[in-house]
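Engineer: Just passing along the structure, written as structure tokens.
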Amino acid sequence: MITPELIVSLLLILTVASILGFMFSRFGLPEMLGQLLAGVILGPTLLGAVTASPPIEMLAEWGIFFVMFHTGMELDPKELLEHIWPSLSVALGGFILPFTLGFFTNWMFGGTIYQSLFLSAWVSQSRQLQSRL
């Protein structure tokens with residue numbers, strides 16, 4: 001399953017991720033942010049230089065796993081407990097407010113309860129996706 005296209009794609013990904021990670025660390029930003037930006041630039045979002053293939057997708061899944069594992073290892077439980085209420089209010093406000101407003105807006109304009117629930121779930125999900133960009 002190792003093809004020349006796969007090797008070129010992996011070399012391109014590793015090279016651009018290393019360069020952007022180094023540049024971001026020089027500016028005092030997290031190196032991981034530069035590496036993630038490399039994936040966005042090379043992927044189908046912008047340039048489309050790297051196409052999805054089963055080995056690339058598998059490596060991407062493993063990469064997500066290790067990023068989350070690394071983040072969990074750096075988590076300080078004492079600091080988490082210090083900031084639990086502001087974090088919880090932001091998280092709940094980011095979901096409950098759009099959900100409630102979407103539900104009642106659709107319901108007031110004559111939508112059924114099921115339509116209102118579907119629309120409000122879609123509105124709150126799209127709001128969460130926009131905040132990640």
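Residue numbers start at 1 in each chain; chains themselves are named A, B, ... in the order of the structure tokens; ligands are numbered from 1 in the order shown.
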With a distance cut-off of 10 Å and only C-alpha atoms, select the neighbouring residues of A:Val50, excluding the residue or stretch itself and same-chain residues fewer than 2 positions from it, and output the selection as a list in words.
Structural biologist: Glu5, Leu6, Val8, Ser9, Leu10, Leu12, Ile13, Gly39, Ile41, Leu42, Gly43, Pro44, Leu47, Gly48, Ala52, Ser53 and Ile56 of chain A
Engineer: Tell me, which residues of stretch 6-124 of chain A carry DSSP alpha helix (DSSP H), written as number ranges by chain?
Structural biologist: A: 6-26, 31-42, 54-74, 77-82, 84-108, 113-124
Engineer: Which polymer residues have any atom within 12 Å of an atom of stretch 62-72 of chain A, counting only C-alpha atoms, with same-chain residues fewer than 6 positions away left out, as a list in words?
Structural biologist: Met32, Leu33, Gln35, Leu36, Gly39, Pro55, Ile56 and Leu80 of chain A
Engineer: Which residues come within 12 Å of A:Ile96, counting only C-alpha atoms, excluding same-chain residues fewer than 2 positions away, as a list in words?
Structural biologist: Leu88, Ser89, Val90, Ala91, Leu92, Gly93, Gly94, Pro98, Phe99, Thr100, Leu101, Gly102, Phe103, Ser120, Ala121, Val123, Ser124, Gln125, Arg127 and Gln128 of chain A
Engineer: Which one is closest to A:Glu31: A:Ile19, A:Leu119, A:Met1, A:Leu97? Count only C-alpha atoms.
Structural biologist: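 Closest candidate: A:Ile19.
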Engineer: Between A:Ile113, A:Ala38, A:Ala60, A:Leu75, which one has atoms that come closest to A:Phe22, using only C-alpha atoms?
Structural biologist: A:Ala38
Engineer: Calculate how many Å separate atom CA of A:Ser18 from atom CA of A:Pro4, rounding to one decimal.
Structural biologist: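 Interatomic distance, atom CA of A:Ser18 to atom CA of A:Pro4: 21.0 Å.
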Engineer: For a quick check of understanding, using only C-alpha atoms, which of A:Leu29, A:Val40, A:Thr112, A:Thr3 has the smallest distance to A:Ala17?
Structural biologist: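 Smallest separation from A:Ala17 among the options: A:Val40.
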